[in-house]
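Printed here is protein.txt (compact mmCIF, C-alpha atoms and all ligand atoms):
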```
# COMPACT_ATOMS: atom_id res chain seq x y z
CA GLY P 1 -4.84 101.15 16.65
CA ASP P 2 -7.14 101.95 13.78
CA ASN P 3 -8.99 105.09 12.82
CA GLU P 4 -11.13 105.85 9.81
CA VAL P 5 -12.31 109.25 8.58
CA GLY P 6 -14.07 109.20 5.23
CA ASN P 7 -12.01 106.81 3.16
CA LYS P 8 -8.71 107.89 4.78
CA ARG P 9 -7.25 105.27 7.08
CA GLU P 10 -4.73 105.78 9.86
CA HIS P 11 -2.93 102.98 11.64
CA LEU P 12 -0.76 103.19 14.72
CA TYR P 13 1.43 100.18 15.43
CA LYS P 14 3.64 99.68 18.46
CA ILE P 15 6.70 97.75 17.34
CA LEU P 16 9.48 96.44 19.57
CA ILE P 17 13.14 96.20 18.61
CA ILE P 18 14.89 93.70 20.83
CA GLY P 19 18.13 91.71 20.84
CA GLU P 20 21.55 91.53 22.48
CA LEU P 21 23.74 94.48 23.45
CA GLY P 22 25.42 96.30 20.60
CA THR P 23 23.66 94.45 17.76
CA GLY P 24 22.58 97.77 16.21
CA LYS P 25 18.97 98.25 17.34
CA THR P 26 19.37 101.97 17.99
CA SER P 27 21.40 102.40 14.81
CA ILE P 28 18.70 100.72 12.70
CA ILE P 29 16.05 103.04 14.12
CA LYS P 30 18.22 106.17 13.79
CA ARG P 31 18.93 105.29 10.19
CA TYR P 32 15.31 104.47 9.36
CA VAL P 33 13.79 107.50 11.07
CA HIS P 34 16.52 110.17 10.88
CA GLN P 35 18.73 108.96 7.98
CA PHE P 36 21.67 109.11 10.36
CA PHE P 37 24.45 106.67 11.31
CA SER P 38 27.35 106.90 13.75
CA ASP P 39 30.15 104.42 14.51
CA HIS P 40 30.12 105.62 18.08
CA TYR P 41 28.47 103.17 20.53
CA ARG P 42 26.37 104.49 23.36
CA ALA P 43 24.36 101.77 25.10
CA THR P 44 20.65 102.46 25.41
CA ILE P 45 19.44 102.73 28.98
CA GLY P 46 15.95 101.31 29.51
CA VAL P 47 13.97 102.25 26.41
CA ASP P 48 13.99 104.89 23.67
CA PHE P 49 11.20 105.84 21.30
CA ALA P 50 10.95 106.95 17.72
CA LEU P 51 8.05 107.54 15.36
CA LYS P 52 8.16 106.72 11.66
CA VAL P 53 5.28 107.97 9.51
CA LEU P 54 4.64 106.08 6.27
CA HIS P 55 2.36 107.34 3.53
CA TRP P 56 1.49 103.79 2.67
CA ASP P 57 -0.95 104.60 -0.13
CA PRO P 58 -3.00 107.70 -1.03
CA ASN P 59 -5.63 106.73 1.55
CA THR P 60 -3.51 105.13 4.24
CA THR P 61 -1.12 106.62 6.78
CA VAL P 62 0.82 104.25 8.99
CA ARG P 63 2.53 105.42 12.17
CA LEU P 64 5.14 103.06 13.51
CA GLN P 65 5.84 103.67 17.16
CA LEU P 66 9.26 102.07 17.54
CA TRP P 67 10.31 100.94 21.01
CA ASP P 68 14.06 100.56 21.19
CA ILE P 69 14.71 98.27 24.16
CA ALA P 70 18.18 98.26 25.72
CA GLY P 71 20.06 94.97 25.25
CA GLN P 72 20.92 94.99 28.93
CA GLU P 73 17.19 94.91 29.78
CA ARG P 74 16.97 91.16 29.23
CA PHE P 75 18.32 90.83 32.74
CA GLY P 76 16.04 93.57 34.05
CA SER P 77 12.47 93.43 35.20
CA MET P 78 10.98 96.13 32.99
CA THR P 79 10.52 94.22 29.75
CA ARG P 80 6.98 93.13 30.61
CA VAL P 81 5.99 96.78 30.92
CA TYR P 82 7.74 97.75 27.68
CA TYR P 83 6.26 94.84 25.71
CA LYS P 84 2.67 95.71 26.64
CA GLU P 85 0.33 96.14 23.65
CA ALA P 86 3.02 95.66 21.03
CA VAL P 87 1.69 94.29 17.74
CA ALA P 88 5.01 93.19 16.23
CA ALA P 89 8.69 92.82 17.01
CA PHE P 90 12.06 92.85 15.31
CA VAL P 91 14.66 90.63 16.93
CA VAL P 92 18.13 91.81 15.95
CA PHE P 93 21.45 89.95 15.92
CA ASP P 94 24.91 90.93 14.69
CA VAL P 95 26.09 88.79 11.74
CA SER P 96 29.73 89.29 12.80
CA ARG P 97 29.16 87.86 16.33
CA SER P 98 27.35 84.51 16.35
CA VAL P 99 26.90 84.69 20.15
CA THR P 100 24.28 87.35 19.45
CA PHE P 101 22.42 84.86 17.24
CA ASP P 102 22.63 82.28 20.05
CA ALA P 103 20.66 84.72 22.24
CA VAL P 104 17.87 85.34 19.70
CA MET P 105 15.58 82.65 21.15
CA LYS P 106 16.08 83.96 24.68
CA TRP P 107 14.69 87.27 23.51
CA LYS P 108 11.84 85.68 21.57
CA ASN P 109 10.89 83.38 24.44
CA ASP P 110 10.94 86.31 26.86
CA LEU P 111 8.64 88.20 24.49
CA ASP P 112 6.24 85.28 23.98
CA GLN P 113 5.99 84.68 27.73
CA LYS P 114 5.18 88.30 28.47
CA VAL P 115 2.88 89.50 25.69
CA GLN P 116 0.29 88.14 23.26
CA LEU P 117 -2.01 89.72 20.72
CA ALA P 118 -5.65 90.30 21.72
CA ASN P 119 -6.59 87.00 20.02
CA GLY P 120 -3.97 85.12 22.06
CA ASP P 121 -1.49 84.65 19.21
CA CYS P 122 2.22 85.30 19.60
CA VAL P 123 3.36 88.76 18.58
CA PRO P 124 4.57 88.50 14.95
CA CYS P 125 8.37 88.58 14.81
CA VAL P 126 10.85 89.35 12.06
CA LEU P 127 14.52 88.49 12.47
CA LEU P 128 17.10 91.10 11.43
CA ALA P 129 20.63 89.94 10.58
CA ASN P 130 22.32 93.31 11.05
CA LYS P 131 25.82 94.61 10.20
CA SER P 132 25.71 92.78 6.88
CA ASP P 133 28.54 95.08 5.75
CA LEU P 134 30.88 93.13 8.08
CA PRO P 135 32.34 89.60 7.68
CA LYS P 136 29.76 86.99 8.75
CA GLU P 137 30.07 84.02 11.06
CA GLY P 138 27.70 81.16 11.93
CA ILE P 139 24.34 80.19 10.44
CA VAL P 140 23.94 83.45 8.51
CA THR P 141 26.68 82.24 6.13
CA THR P 142 24.19 79.59 4.93
CA PRO P 143 21.01 81.57 4.12
CA ASP P 144 18.93 78.47 3.29
CA LYS P 145 19.61 77.06 6.75
CA LEU P 146 18.70 80.35 8.40
CA THR P 147 15.46 80.52 6.41
CA GLU P 148 14.55 77.03 7.61
CA TRP P 149 15.60 77.86 11.20
CA ALA P 150 13.53 81.05 11.21
CA LYS P 151 10.45 79.18 9.99
CA GLN P 152 10.85 76.47 12.62
CA HIS P 153 11.30 79.00 15.42
CA GLY P 154 8.22 81.09 14.74
CA PHE P 155 9.61 84.00 12.76
CA MET P 156 7.62 85.41 9.83
CA GLY P 157 10.89 85.89 7.98
CA TRP P 158 14.39 87.32 8.19
CA PHE P 159 16.22 90.16 6.49
CA GLU P 160 19.86 91.07 6.14
CA THR P 161 20.29 94.69 7.20
CA SER P 162 23.04 97.25 7.53
CA ALA P 163 22.37 100.43 9.46
CA LYS P 164 25.73 101.67 8.22
CA GLU P 165 24.92 101.24 4.51
CA TYR P 166 21.13 101.57 4.90
CA THR P 167 20.28 98.26 3.29
CA GLY P 168 17.38 95.93 4.09
CA ILE P 169 15.74 98.12 6.73
CA GLU P 170 12.94 99.59 4.63
CA GLU P 171 12.31 96.19 3.06
CA ALA P 172 11.92 94.61 6.51
CA ALA P 173 9.64 97.38 7.77
CA ASN P 174 7.47 97.27 4.65
CA PHE P 175 7.20 93.49 4.95
CA LEU P 176 5.94 93.90 8.51
CA VAL P 177 3.46 96.65 7.62
CA ALA P 178 2.10 94.60 4.73
CA LYS P 179 1.39 91.78 7.21
CA ALA P 180 0.06 94.22 9.78
CA SER P 181 -2.65 95.45 7.44
CA LYS P 182 -4.29 92.05 7.99
CA TRP P 183 -4.22 92.35 11.80
CA ASP P 184 -6.81 95.08 12.29
P1 LIG P 201 22.21 98.49 23.15
O1 LIG P 201 21.49 99.79 23.22
O2 LIG P 201 23.35 98.40 24.11
O3 LIG P 201 21.30 97.31 23.32
O4 LIG P 201 22.89 98.36 21.68
P2 LIG P 201 22.19 98.54 20.26
O5 LIG P 201 21.66 97.23 19.80
O6 LIG P 201 21.24 99.67 20.28
O7 LIG P 201 23.43 98.87 19.30
P3 LIG P 201 23.82 100.29 18.65
O8 LIG P 201 22.83 100.68 17.62
O9 LIG P 201 24.14 101.24 19.73
O10 LIG P 201 25.15 99.87 17.84
C1 LIG P 201 26.26 99.27 18.48
C2 LIG P 201 27.51 99.51 17.64
O11 LIG P 201 27.40 98.84 16.41
C3 LIG P 201 27.75 100.99 17.30
O12 LIG P 201 29.14 101.24 17.37
C4 LIG P 201 27.25 101.12 15.87
O13 LIG P 201 27.92 102.12 15.14
C5 LIG P 201 27.58 99.74 15.32
N1 LIG P 201 26.65 99.34 14.23
C6 LIG P 201 25.30 99.34 14.27
N2 LIG P 201 24.78 98.92 13.11
C7 LIG P 201 25.83 98.65 12.29
C8 LIG P 201 25.95 98.18 10.94
O14 LIG P 201 24.97 97.91 10.24
N3 LIG P 201 27.22 98.00 10.47
C9 LIG P 201 28.33 98.27 11.21
N4 LIG P 201 29.52 98.07 10.66
N5 LIG P 201 28.25 98.72 12.49
C10 LIG P 201 27.02 98.91 13.02
MG MG P 202 20.59 100.88 21.79
```

For the file at hand, write its structure as structure tokens.
Amino acid sequence: GDNEVGNKREHLYKILIIGELGTGKTSIIKRYVHQFFSDHYRATIGVDFALKVLHWDPNTTVRLQLWDIAGQERFGSMTRVYYKEAVAAFVVFDVSRSVTFDAVMKWKNDLDQKVQLANGDCVPCVLLANKSDLPKEGIVTTPDKLTEWAKQHGFMGWFETSAKEYTGIEEAANFLVAKASKWD
């Protein structure tokens, strides 16, 4: 979505946040948009929405329409509908539970099967290694290996994040927006 009035530019990007149950998708969004974190876990049902407005530069406003997809939806039939017209995705795993990393490709494959950009390319994906405030297990303990893995599996990059401590989230979003400016 692109709109130009004078030399002011406005962009609207639909971005998906997907990944296994309880990896922190909702917490990342709540932190990023509302500067809020809770230890209490309430599973998302279906999908939730949030809007983050970025004053990217004096002439550019970016609106990120964040679609927070429930982890339990991977087994549902609605993801195709939710994925429609997305221009980017974050795939989230929990660094303290390597089983959530093992499911990352299931989410990415589901995404790639169900939605493409207008030019037929895969939707650009960034991997988020969330809960970096907790003890890590698995590949995330060897960052070089994860960097190589991410490259080989079609991710633009990966970021360590903590919704609890608010680290890495803005960096990841800014990375995506910087790439996005080349899409439209
Ligand atoms: P579903 O909606 O079921 O798919 O889960 P979700 O991915 O949205 O996870 P949610 O954000 O609800 O977080 C699950 C649990 O992890 C909650 O108890 C959060 O408080 C906790 N959590 C989320 N992010 C972090 C983090 O960065 N660090 C720590 N320590 N806990 C986190
Ligand atoms: Mg949720």

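Taking atom CA of Phe37 of chain P and atom N2 of ligand LIG 201 (chain P) as the two end points, the separation is 8.0 Å.
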
Inset, instruction - Would you list the residues near (11.3, 95.2, 8.1) (no more than 12 Å away, in the coordinates of the file, using all atoms listed in the file) as an MDAnalysis selection string? - result: chainID P and resid 15:17 28:29 32 64 66 88:92 124:130 156:162 167:180

Write the residues you've just listed into a file as a PDB file, in the coordinates of the input, and include C-alpha atoms for each of them.
```
ATOM      1  CA  ILE P  15       6.700  97.750  17.340  1.00  0.00           C
ATOM      2  CA  LEU P  16       9.480  96.440  19.570  1.00  0.00           C
ATOM      3  CA  ILE P  17      13.140  96.200  18.610  1.00  0.00           C
ATOM      4  CA  ILE P  28      18.700 100.720  12.700  1.00  0.00           C
ATOM      5  CA  ILE P  29      16.050 103.040  14.120  1.00  0.00           C
ATOM      6  CA  TYR P  32      15.310 104.470   9.360  1.00  0.00           C
ATOM      7  CA  LEU P  64       5.140 103.060  13.510  1.00  0.00           C
ATOM      8  CA  LEU P  66       9.260 102.070  17.540  1.00  0.00           C
ATOM      9  CA  ALA P  88       5.010  93.190  16.230  1.00  0.00           C
ATOM     10  CA  ALA P  89       8.690  92.820  17.010  1.00  0.00           C
ATOM     11  CA  PHE P  90      12.060  92.850  15.310  1.00  0.00           C
ATOM     12  CA  VAL P  91      14.660  90.630  16.930  1.00  0.00           C
ATOM     13  CA  VAL P  92      18.130  91.810  15.950  1.00  0.00           C
ATOM     14  CA  PRO P 124       4.570  88.500  14.950  1.00  0.00           C
ATOM     15  CA  CYS P 125       8.370  88.580  14.810  1.00  0.00           C
ATOM     16  CA  VAL P 126      10.850  89.350  12.060  1.00  0.00           C
ATOM     17  CA  LEU P 127      14.520  88.490  12.470  1.00  0.00           C
ATOM     18  CA  LEU P 128      17.100  91.100  11.430  1.00  0.00           C
ATOM     19  CA  ALA P 129      20.630  89.940  10.580  1.00  0.00           C
ATOM     20  CA  ASN P 130      22.320  93.310  11.050  1.00  0.00           C
ATOM     21  CA  MET P 156       7.620  85.410   9.830  1.00  0.00           C
ATOM     22  CA  GLY P 157      10.890  85.890   7.980  1.00  0.00           C
ATOM     23  CA  TRP P 158      14.390  87.320   8.190  1.00  0.00           C
ATOM     24  CA  PHE P 159      16.220  90.160   6.490  1.00  0.00           C
ATOM     25  CA  GLU P 160      19.860  91.070   6.140  1.00  0.00           C
ATOM     26  CA  THR P 161      20.290  94.690   7.200  1.00  0.00           C
ATOM     27  CA  SER P 162      23.040  97.250   7.530  1.00  0.00           C
ATOM     28  CA  THR P 167      20.280  98.260   3.290  1.00  0.00           C
ATOM     29  CA  GLY P 168      17.380  95.930   4.090  1.00  0.00           C
ATOM     30  CA  ILE P 169      15.740  98.120   6.730  1.00  0.00           C
ATOM     31  CA  GLU P 170      12.940  99.590   4.630  1.00  0.00           C
ATOM     32  CA  GLU P 171      12.310  96.190   3.060  1.00  0.00           C
ATOM     33  CA  ALA P 172      11.920  94.610   6.510  1.00  0.00           C
ATOM     34  CA  ALA P 173       9.640  97.380   7.770  1.00  0.00           C
ATOM     35  CA  ASN P 174       7.470  97.270   4.650  1.00  0.00           C
ATOM     36  CA  PHE P 175       7.200  93.490   4.950  1.00  0.00           C
ATOM     37  CA  LEU P 176       5.940  93.900   8.510  1.00  0.00           C
ATOM     38  CA  VAL P 177       3.460  96.650   7.620  1.00  0.00           C
ATOM     39  CA  ALA P 178       2.100  94.600   4.730  1.00  0.00           C
ATOM     40  CA  LYS P 179       1.390  91.780   7.210  1.00  0.00           C
ATOM     41  CA  ALA P 180       0.060  94.220   9.780  1.00  0.00           C
TER      42      ALA P 180
END
```

Inset, instruction - Report as a list of chain:residue names which protein, DNA and RNA residues come within 6 Å of ligand LIG 201 (chain P), using all atoms listed in the file. - result: P:Glu20, P:Leu21, P:Gly22, P:Thr23, P:Gly24, P:Lys25, P:Thr26, P:Ser27, P:Ser38, P:Asp39, P:His40, P:Tyr41, P:Arg42, P:Ala43, P:Thr44, P:Ala70, P:Gly71, P:Asn130, P:Lys131, P:Asp133, P:Leu134, P:Ser162, P:Ala163, P:Lys164

Legend entry - d(atom CA of His55 of chain P, atom CA of Lys8 of chain P) in Å: 11.2 Å

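Across the model, the gap from atom CA of Asp68 of chain P to atom CA of Ala50 of chain P is 7.9 Å.
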
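Proximity of P:Met105, P:Asn3, P:Gln116, P:Pro135 to Ala150 of chain P, computed with all atoms listed in the file, is greatest for P:Met105.
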
Quick one: axis-aligned box around all listed atoms of segment 165-183 of chain P, 8 Å on every side, centre and edge lengths in Å to one decimal, written as lines of an AutoDock Vina configuration file.
```
center_x = 10.3
center_y = 96.7
center_z = 7.4
size_x = 45.2
size_y = 25.8
size_z = 24.7
```

Legend entry - Non-local contacts of segment 79-81 of chain P (7 Å; all atoms listed in the file; under 3 positions in same chain excluded) as an MDAnalysis selection string: chainID P and resid 73 84 114

Export of the given selection (C-alpha atoms) as a PDB file, in the frame of the given file:
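In the end it all went to part.pdb:
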```
ATOM      1  CA  GLU P  73      17.190  94.910  29.780  1.00  0.00           C
ATOM      2  CA  LYS P  84       2.670  95.710  26.640  1.00  0.00           C
ATOM      3  CA  LYS P 114       5.180  88.300  28.470  1.00  0.00           C
TER       4      LYS P 114
END
```

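With only the atoms specified (only C-alpha atoms) counting, those residues at most 8 Å away from (-1.7, 104.2, 15.6) are Gly1, Asp2, Asn3, Glu10, His11, Leu12, Tyr13, Lys14, Val62, Arg63, Leu64 and Gln65 of chain P.
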
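Residue nearest Thr142 of chain P within the list P:Ala118, P:Leu51, P:Val95, P:Val87: P:Val95 [criterion: smallest interatomic distance, only C-alpha atoms].
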
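Here the question is which of P:Val123, P:Leu111, P:Val33, P:Ile45 gets nearest to ligand MG 202 (chain P) using all atoms listed in the file, and that residue is P:Ile45.
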
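Nearest-residue note for ligand MG 202 (chain P): choosing from P:Ile69, P:Thr61, P:Phe49, P:Arg31, the minimum distance belongs to P:Ile69, counting all atoms listed in the file.
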
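Counting only C-alpha atoms and all ligand atoms and comparing P:Asp48, P:Phe101, P:His34, P:Arg9, the residue that lies closest to ligand MG 202 (chain P) is P:Asp48.
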
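Considering all atoms listed in the file, the residue among P:Asp121, P:Glu85, P:Asp112, P:Glu137 positioned nearest to Ser98 of chain P is P:Glu137.
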
Legend entry - Asn7 of chain P environment, 10 Å, all atoms listed in the file, sequence neighbours closer than 2 positions dropped, as JSON, numbers by chain: {"P": [4, 5, 9, 10, 58, 59, 60]}
